[in-house]
>>> print(open('run_19.txt').read())   # compact mmCIF, C-alpha atoms
# COMPACT_ATOMS: atom_id res chain seq x y z
CA MET A 159 1.41 -3.85 -2.46
CA GLU A 160 3.46 -2.98 0.61
CA ILE A 161 1.65 -1.24 3.46
CA GLU A 162 2.28 -0.28 7.08
CA VAL A 163 -0.11 -1.57 9.73
CA SER A 164 -0.50 -0.25 13.27
CA THR A 165 -0.77 -3.07 15.82
CA GLU A 166 -0.66 -3.33 19.60
CA GLU A 167 3.04 -4.18 19.27
CA GLY A 168 3.78 -1.24 16.98
CA VAL A 169 3.89 -0.57 13.25
CA VAL A 170 4.72 -3.54 11.01
CA ARG A 171 5.39 -3.90 7.31
CA ALA A 172 2.81 -5.99 5.52
CA LEU A 173 2.14 -7.25 2.00
CA ALA A 174 -1.31 -7.37 0.45
CA TYR A 175 -2.09 -9.02 -2.87
CA PRO A 176 -5.06 -7.01 -4.21
CA ALA A 177 -6.05 -9.79 -6.62
CA LEU A 178 -6.66 -12.05 -3.62
CA VAL A 179 -7.81 -9.80 -0.77
CA GLY A 180 -8.75 -6.48 -2.38
CA ARG A 181 -6.85 -3.20 -2.12
CA PRO A 182 -6.33 -1.86 1.41
CA GLU A 183 -6.99 1.83 1.95
CA PRO A 184 -5.82 4.10 4.81
CA GLY A 185 -7.94 3.45 7.87
CA ASP A 186 -8.93 -0.11 6.89
CA THR A 187 -8.89 -2.90 9.44
CA VAL A 188 -6.82 -5.83 8.17
CA LEU A 189 -6.41 -9.41 9.33
CA LEU A 190 -2.71 -10.34 9.36
CA ASN A 191 -0.72 -13.53 9.29
CA THR A 192 2.46 -12.72 11.25
CA THR A 193 4.22 -16.09 10.98
CA ALA A 194 7.19 -14.71 9.01
CA LEU A 195 7.72 -11.92 11.54
CA ALA A 196 7.42 -14.24 14.53
CA MET A 197 9.96 -16.68 13.03
CA GLY A 198 12.35 -13.95 11.86
CA LEU A 199 12.41 -15.18 8.28
CA GLY A 200 14.86 -13.24 6.15
CA THR A 201 13.10 -13.44 2.79
CA GLY A 202 9.60 -13.19 4.18
CA GLY A 203 10.08 -10.39 6.68
CA TYR A 204 6.56 -9.13 6.18
CA ALA A 205 3.21 -9.75 7.76
CA MET A 206 0.74 -10.98 5.15
CA VAL A 207 -2.72 -9.48 4.74
CA VAL A 208 -5.22 -12.34 4.90
CA ALA A 209 -8.41 -10.31 4.54
CA LEU A 210 -10.09 -6.93 4.84
CA PRO A 211 -12.84 -7.99 7.25
CA ASN A 212 -15.05 -5.00 6.53
CA ARG A 213 -14.78 -5.13 2.73
CA LEU A 214 -14.84 -8.26 0.58
CA PRO A 215 -12.67 -8.43 -2.57
CA LYS A 216 -14.32 -8.35 -5.97
CA ASP A 217 -15.41 -11.64 -7.47
CA PRO A 218 -12.95 -13.11 -10.00
CA GLN A 219 -13.43 -11.66 -13.47
CA GLY A 220 -12.78 -13.18 -16.86
CA PRO A 221 -12.14 -16.71 -18.08
CA GLY A 222 -10.03 -19.29 -16.31
CA HIS A 223 -10.67 -22.55 -14.52
CA LEU A 224 -7.29 -23.37 -12.98
CA VAL A 225 -7.34 -23.12 -9.21
CA LYS A 226 -3.91 -22.60 -7.65
CA ALA A 227 -2.92 -22.66 -3.99
CA ARG A 228 -5.78 -25.12 -3.99
CA TYR A 229 -7.85 -25.74 -0.86
CA THR A 230 -6.22 -22.89 1.01
CA PRO A 231 -8.24 -19.84 2.12
CA LEU A 232 -6.62 -17.69 -0.57
CA GLN A 233 -6.85 -20.08 -3.51
CA ALA A 234 -6.68 -18.21 -6.82
CA THR A 235 -8.50 -18.86 -10.09
CA VAL A 236 -6.37 -18.21 -13.17
CA LEU A 237 -6.48 -18.83 -16.91
CA GLY A 238 -3.98 -21.54 -17.80
CA ALA A 239 -2.23 -21.43 -21.16
CA ASP A 240 -2.98 -25.12 -21.58
CA GLU A 241 -6.65 -25.20 -20.51
CA GLN A 242 -9.54 -25.47 -22.95
CA ASP A 243 -10.63 -21.81 -22.70
CA SER A 244 -7.16 -20.56 -23.54
CA PRO A 245 -6.37 -19.19 -27.01
CA PHE A 246 -3.18 -21.24 -26.80
CA HIS A 247 -4.88 -24.56 -26.07
CA GLU A 248 -4.65 -25.80 -29.65
CA ALA A 249 -0.97 -24.91 -29.90
CA LEU A 250 -0.17 -26.74 -26.66
CA ARG A 251 -2.54 -29.70 -26.95
CA GLU A 252 -0.19 -31.70 -29.16
CA ALA A 253 3.08 -29.87 -28.40
CA ASP A 254 5.81 -32.18 -27.20
CA SER A 255 9.05 -30.46 -28.22
CA LEU A 256 10.96 -27.39 -27.07
CA ASP A 257 12.51 -27.12 -30.53
CA GLY A 258 16.00 -27.09 -29.07
CA MET A 259 15.34 -24.26 -26.59
CA PRO A 260 18.05 -24.35 -23.89
CA VAL A 261 16.80 -24.74 -20.33
CA VAL A 262 18.91 -23.55 -17.38
CA VAL A 263 18.04 -25.13 -14.02
CA ALA A 264 19.04 -23.52 -10.72
CA ASP A 265 18.51 -24.31 -7.04
CA LEU A 266 17.68 -20.83 -5.75
CA HIS A 267 15.60 -17.91 -6.98
CA SER A 268 18.52 -15.59 -6.24
CA ALA A 269 20.47 -17.25 -9.05
CA LEU A 270 18.17 -15.79 -11.70
CA PRO A 271 19.91 -12.39 -12.11
CA ALA A 272 23.34 -14.05 -12.16
CA ILE A 273 22.24 -16.52 -14.85
CA LEU A 274 21.01 -13.64 -17.01
CA CYS A 275 24.31 -11.78 -16.50
CA GLY A 276 26.15 -14.85 -17.72
CA LEU A 277 23.78 -15.33 -20.65
CA TYR A 278 23.98 -11.78 -21.94
CA GLY A 279 27.73 -11.65 -21.39
CA SER A 280 28.47 -14.94 -23.14
CA GLY A 281 28.73 -13.67 -26.68
CA PRO A 282 29.50 -10.49 -28.64
CA GLY A 283 26.37 -8.47 -29.25
CA ARG A 284 24.13 -10.77 -27.24
CA GLY A 285 21.52 -8.91 -25.26
CA PRO A 286 17.92 -8.85 -24.10
CA GLY A 287 15.09 -9.05 -26.61
CA ARG A 288 13.03 -5.87 -26.96
CA GLY A 289 9.71 -7.16 -28.19
CA PRO A 290 8.51 -9.66 -30.79
CA GLY A 291 10.93 -8.49 -33.46
CA ARG A 292 14.48 -9.58 -32.71
CA GLY A 293 17.60 -7.81 -33.76
CA PRO A 294 20.95 -9.55 -34.24
CA GLY A 295 22.03 -11.27 -31.04
CA GLU A 296 18.81 -10.50 -29.13
CA VAL A 297 17.55 -13.22 -26.82
CA ARG A 298 14.09 -13.66 -25.32
CA VAL A 299 14.22 -15.23 -21.85
CA ALA A 300 11.37 -16.77 -19.88
CA TYR A 301 11.55 -17.56 -16.18
CA VAL A 302 9.62 -20.72 -15.32
CA MET A 303 8.83 -20.44 -11.61
CA LEU A 304 8.36 -23.65 -9.65
CA ASP A 305 6.12 -23.83 -6.59
CA GLY A 306 8.95 -24.24 -4.11
CA GLY A 307 9.48 -21.09 -2.04
CA ALA A 308 6.91 -18.37 -2.68
CA LEU A 309 3.72 -19.26 -4.51
CA PRO A 310 2.82 -15.77 -5.86
CA ALA A 311 5.25 -14.50 -8.48
CA TRP A 312 4.25 -11.01 -7.29
CA PHE A 313 6.52 -11.52 -4.26
CA SER A 314 9.67 -11.43 -6.41
CA MET A 315 11.36 -8.02 -6.45
CA SER A 316 14.03 -9.53 -8.71
CA CYS A 317 11.46 -10.37 -11.40
CA ALA A 318 9.95 -6.91 -11.21
CA ARG A 319 13.34 -5.24 -11.66
CA LEU A 320 14.50 -7.63 -14.40
CA ARG A 321 11.29 -6.95 -16.33
CA GLU A 322 11.74 -3.22 -15.81
CA ILE A 323 15.21 -3.16 -17.37
CA GLY A 324 14.22 -5.51 -20.20
CA TRP A 325 16.31 -8.49 -19.12
CA LEU A 326 13.34 -10.80 -18.66
CA ASP A 327 10.53 -11.18 -21.17
CA GLY A 328 8.07 -12.91 -18.90
CA VAL A 329 7.30 -15.34 -16.11
CA VAL A 330 5.54 -18.70 -16.38
CA THR A 331 4.15 -19.94 -13.05
CA VAL A 332 3.64 -23.69 -12.78
CA GLY A 333 2.21 -26.15 -10.30
CA GLN A 334 0.68 -24.30 -7.34
CA ALA A 335 2.63 -21.12 -8.13
CA PHE A 336 0.61 -18.29 -9.70
CA GLY A 337 0.79 -14.66 -10.76
CA GLY A 338 3.02 -15.05 -13.82
CA ASP A 339 2.40 -13.62 -17.27
CA VAL A 340 1.49 -17.16 -18.29
CA GLU A 341 0.00 -19.86 -16.05
CA ALA A 342 0.51 -23.60 -16.55
CA VAL A 343 -0.44 -26.77 -14.74
CA THR A 344 2.89 -28.59 -14.71
CA LEU A 345 6.57 -27.88 -15.30
CA HIS A 346 6.29 -29.74 -18.61
CA THR A 347 3.47 -27.56 -19.93
CA GLY A 348 5.16 -24.50 -18.47
CA LEU A 349 8.29 -25.14 -20.53
CA LEU A 350 6.18 -25.76 -23.62
CA ALA A 351 4.33 -22.49 -22.95
CA ALA A 352 7.62 -20.62 -22.57
CA ARG A 353 8.61 -21.82 -26.02
CA HIS A 354 5.35 -21.87 -27.98
CA VAL A 355 3.37 -19.11 -26.25
CA MET A 356 6.06 -16.64 -25.19
CA GLY A 357 8.47 -17.42 -28.02
CA ALA A 358 11.37 -17.74 -25.59
CA ASP A 359 14.85 -18.58 -26.84
CA VAL A 360 16.01 -19.63 -23.36
CA ALA A 361 14.11 -20.69 -20.23
CA VAL A 362 15.40 -20.48 -16.66
CA VAL A 363 13.77 -22.88 -14.19
CA THR A 364 14.00 -22.34 -10.46
CA GLN A 365 11.79 -21.94 -7.42
CA GLY A 366 10.28 -18.72 -6.16
CA PRO A 367 11.98 -16.64 -3.45
CA GLY A 368 12.13 -18.11 0.05
CA ASN A 369 13.97 -21.43 0.08
CA LEU A 370 12.97 -24.18 2.51
CA GLY A 371 15.68 -26.68 3.42
CA THR A 372 16.44 -29.06 6.30
CA GLY A 373 20.16 -29.79 5.96
CA THR A 374 19.44 -33.46 5.32
CA ARG A 375 20.62 -35.40 2.30
CA TRP A 376 17.24 -35.29 0.54
CA GLY A 377 15.74 -32.18 2.20
>>> encode(input="run_19.txt", output="structure tokens")
Amino acid sequence: MEIEVSTEEGVVRALAYPALVGRPEPGDTVLLNTTALAMGLGTGGYAMVVALPNRLPKDPQGPGHLVKARYTPLQATVLGADEQDSPFHEALREADSLDGMPVVVADLHSALPAILCGLYGSGPGRGPGRGPGRGPGEVRVAYVMLDGGALPAWFSMSCARLREIGWLDGVVTVGQAFGGDVEAVTLHTGLLAARHVMGADVAVVTQGPGNLGTGTRWG
């Protein structure tokens, strides 16, 4: 959730992830990480709420033994599609094929909307899927989010809007990334989950928003 925080330097925009820190209320004191503001980062132009010092978040509820953003102060426990407590564990335990599902790989998160435009415009009658029953030409698309860039999928305004208009059926977060509709340990199991759990016809693989690069050959 986006909030405004009064500081000694003035009012700043901040993001709080209620699943990690609890839900800030008007009048709360918040502890902020202001790295993105201090560095002038374009994508991450928000302060990040680290904690509500006067009110602890609720303990994690429900099943799930995957810890993501591991060994950081805000590590998150999630239910992985491929872990033993998952209802999809049996389906994924021996799965080793995408059954011909096309996979589109991109460098930047910002390519996701453009890829979907190209996909839905590539054939007569082709359009987004509207639920488990497909009509002629309908395509179900899963976004498999790598842990480059942002770790929480919640940070992506593109994903939120694409879901809202029905262009994206769901998000699979893999590696240290979290917050998707489906969680997976690796890119390999994430792709298998896109196919066998979400029933995707096409998967798009790219990092989360906020690219890090060095201008070197391998960086």
>>> closest_residue(input="run_19.txt", among="A:Val362, A:Met197, A:Ala234, A:Ala253", to="A:Gly337", atoms="only C-alpha atoms")
A:Ala234
>>> atom_distance(input="run_19.txt", atom1="atom CA of A:Val299", atom2="atom CA of A:Gly258")
14.0 Å
>>> atom_distance(input="run_19.txt", atom1="atom CA of A:Thr230", atom2="atom CA of A:Arg181")
19.9 Å
>>> closest_residue(input="run_19.txt", among="A:Val170, A:Val262, A:Lys226, A:Asp243", to="A:Gly276", atoms="only C-alpha atoms")
A:Val262
>>> atom_distance(input="run_19.txt", atom1="atom CA of A:Leu309", atom2="atom CA of A:Pro221")
21.0 Å
>>> closest_residue(input="run_19.txt", among="A:Ala272, A:His354, A:Leu199, A:Ile161", to="A:Gly185", atoms="only C-alpha atoms")
A:Ile161
>>> closest_residue(input="run_19.txt", among="A:Ala352, A:Ala342, A:Glu166, A:Arg298", to="A:Ser244", atoms="only C-alpha atoms")
A:Ala342
>>> residues_near_point(input="run_19.txt", point="(13.5, -22.4, -30.8)", cutoff="12 Å", atoms="all atoms listed in the file", output="list of chain:residue names")
A:Ser255, A:Leu256, A:Asp257, A:Gly258, A:Met259, A:Pro260, A:Val261, A:Val297, A:Arg298, A:Val299, A:Leu349, A:Leu350, A:Ala352, A:Arg353, A:His354, A:Val355, A:Met356, A:Gly357, A:Ala358, A:Asp359, A:Val360, A:Ala361
>>> residues_near_point(input="run_19.txt", point="(-4.0, -12.1, 5.0)", cutoff="6 Å", atoms="only C-alpha atoms", output="list in words")
Leu189, Leu190, Asn191, Met206, Val207, Val208 and Ala209 of chain A
>>> closest_residue(input="run_19.txt", among="A:Gly366, A:Arg213, A:Glu341, A:Pro176", to="A:Ser268", atoms="all atoms listed in the file")
A:Gly366
>>> closest_residue(input="run_19.txt", among="A:Leu277, A:Val363, A:Cys317, A:Ala196", to="A:Val302", atoms="only C-alpha atoms")
A:Val363
>>> residues_around(input="run_19.txt", residues="A:Ala227", least_positions_apart="4", cutoff="10 Å", atoms="all atoms listed in the file", output="JSON, numbers by chain")
{"A": [231, 232, 233, 234, 235, 305, 309, 310, 333, 334, 335, 336]}
>>> residues_around(input="run_19.txt", residues="A:Asn369", least_positions_apart="4", cutoff="12 Å", atoms="all atoms listed in the file", output="list in words")
Leu199, Gly200, Thr201, Gly202, Asp265, Leu266, His267, Ser268, Ala269, Leu304, Asp305, Gly306, Gly307, Ala308, Leu309, Thr364, Gln365, Gly373 and Gly377 of chain A
>>> residues_around(input="run_19.txt", residues="A:Leu224", least_positions_apart="3", cutoff="7 Å", atoms="only C-alpha atoms", output="count of residues only")
4
>>> decode(input="run_19.txt", residues="stretch 214-226 of chain A", atoms="all heavy atoms", output="compact mmCIF listing (two decimals), in the first residue's frame")
# COMPACT_ATOMS: atom_id res chain seq x y z
N LEU A 214 3.50 -4.79 16.29
CA LEU A 214 4.09 -5.89 15.53
C LEU A 214 3.08 -6.44 14.53
O LEU A 214 1.87 -6.44 14.79
CB LEU A 214 4.55 -7.00 16.47
CG LEU A 214 5.68 -6.66 17.43
CD1 LEU A 214 5.94 -7.85 18.36
CD2 LEU A 214 6.94 -6.28 16.67
N PRO A 215 3.55 -6.95 13.37
CA PRO A 215 2.61 -7.59 12.43
C PRO A 215 2.12 -8.91 13.00
O PRO A 215 2.71 -9.48 13.92
CB PRO A 215 3.48 -7.81 11.18
CG PRO A 215 4.87 -7.90 11.70
CD PRO A 215 4.93 -6.96 12.88
N LYS A 216 1.02 -9.39 12.45
CA LYS A 216 0.49 -10.69 12.86
C LYS A 216 1.45 -11.80 12.47
O LYS A 216 2.20 -11.69 11.50
CB LYS A 216 -0.87 -10.93 12.20
CG LYS A 216 -1.96 -9.98 12.65
CD LYS A 216 -3.28 -10.30 11.96
CE LYS A 216 -4.39 -9.36 12.41
NZ LYS A 216 -5.68 -9.65 11.73
N ASP A 217 1.43 -12.87 13.24
CA ASP A 217 2.25 -14.03 12.91
C ASP A 217 1.74 -14.63 11.59
O ASP A 217 0.55 -14.54 11.28
CB ASP A 217 2.17 -15.09 14.00
CG ASP A 217 2.85 -14.65 15.28
OD1 ASP A 217 3.77 -13.82 15.19
OD2 ASP A 217 2.46 -15.13 16.36
N PRO A 218 2.64 -15.25 10.81
CA PRO A 218 2.21 -15.88 9.56
C PRO A 218 1.12 -16.91 9.82
O PRO A 218 1.17 -17.66 10.79
CB PRO A 218 3.49 -16.54 9.03
CG PRO A 218 4.61 -15.79 9.68
CD PRO A 218 4.10 -15.38 11.02
N GLN A 219 0.12 -16.93 8.94
CA GLN A 219 -0.98 -17.86 9.06
C GLN A 219 -0.95 -18.86 7.91
O GLN A 219 -0.53 -18.55 6.81
CB GLN A 219 -2.33 -17.10 9.04
CG GLN A 219 -2.47 -16.06 10.14
CD GLN A 219 -2.55 -16.66 11.52
OE1 GLN A 219 -3.20 -17.69 11.72
NE2 GLN A 219 -1.88 -16.03 12.47
N GLY A 220 -1.45 -20.06 8.18
CA GLY A 220 -1.61 -21.03 7.11
C GLY A 220 -0.38 -21.86 6.87
O GLY A 220 0.67 -21.66 7.49
N PRO A 221 -0.49 -22.80 5.92
CA PRO A 221 0.64 -23.68 5.61
C PRO A 221 1.72 -22.95 4.83
O PRO A 221 1.53 -21.81 4.39
CB PRO A 221 -0.01 -24.77 4.73
CG PRO A 221 -1.15 -24.06 4.06
CD PRO A 221 -1.66 -23.06 5.07
N GLY A 222 2.83 -23.60 4.65
CA GLY A 222 3.92 -23.03 3.86
C GLY A 222 5.22 -23.05 4.61
O GLY A 222 5.29 -22.59 5.76
N HIS A 223 6.24 -23.60 3.96
CA HIS A 223 7.56 -23.72 4.59
C HIS A 223 8.67 -23.12 3.75
O HIS A 223 9.84 -23.25 4.09
CB HIS A 223 7.87 -25.19 4.89
CG HIS A 223 6.96 -25.79 5.91
ND1 HIS A 223 5.76 -26.39 5.58
CD2 HIS A 223 7.05 -25.86 7.26
CE1 HIS A 223 5.17 -26.83 6.68
NE2 HIS A 223 5.93 -26.52 7.71
N LEU A 224 8.32 -22.47 2.63
CA LEU A 224 9.36 -21.82 1.83
C LEU A 224 9.64 -20.44 2.42
O LEU A 224 8.72 -19.66 2.62
CB LEU A 224 8.91 -21.66 0.38
CG LEU A 224 8.65 -22.90 -0.46
CD1 LEU A 224 8.48 -22.51 -1.91
CD2 LEU A 224 9.73 -23.94 -0.30
N VAL A 225 10.89 -20.18 2.68
CA VAL A 225 11.29 -18.86 3.16
C VAL A 225 11.98 -18.14 2.01
O VAL A 225 12.97 -18.63 1.46
CB VAL A 225 12.23 -18.95 4.37
CG1 VAL A 225 12.62 -17.55 4.84
CG2 VAL A 225 11.56 -19.71 5.51
N LYS A 226 11.44 -16.98 1.64
CA LYS A 226 12.02 -16.19 0.56
C LYS A 226 12.54 -14.86 1.10
O LYS A 226 12.15 -14.44 2.18
CB LYS A 226 11.00 -15.98 -0.55
CG LYS A 226 10.57 -17.30 -1.22
CD LYS A 226 9.97 -17.07 -2.58
CE LYS A 226 9.66 -18.39 -3.27
NZ LYS A 226 9.21 -18.19 -4.67
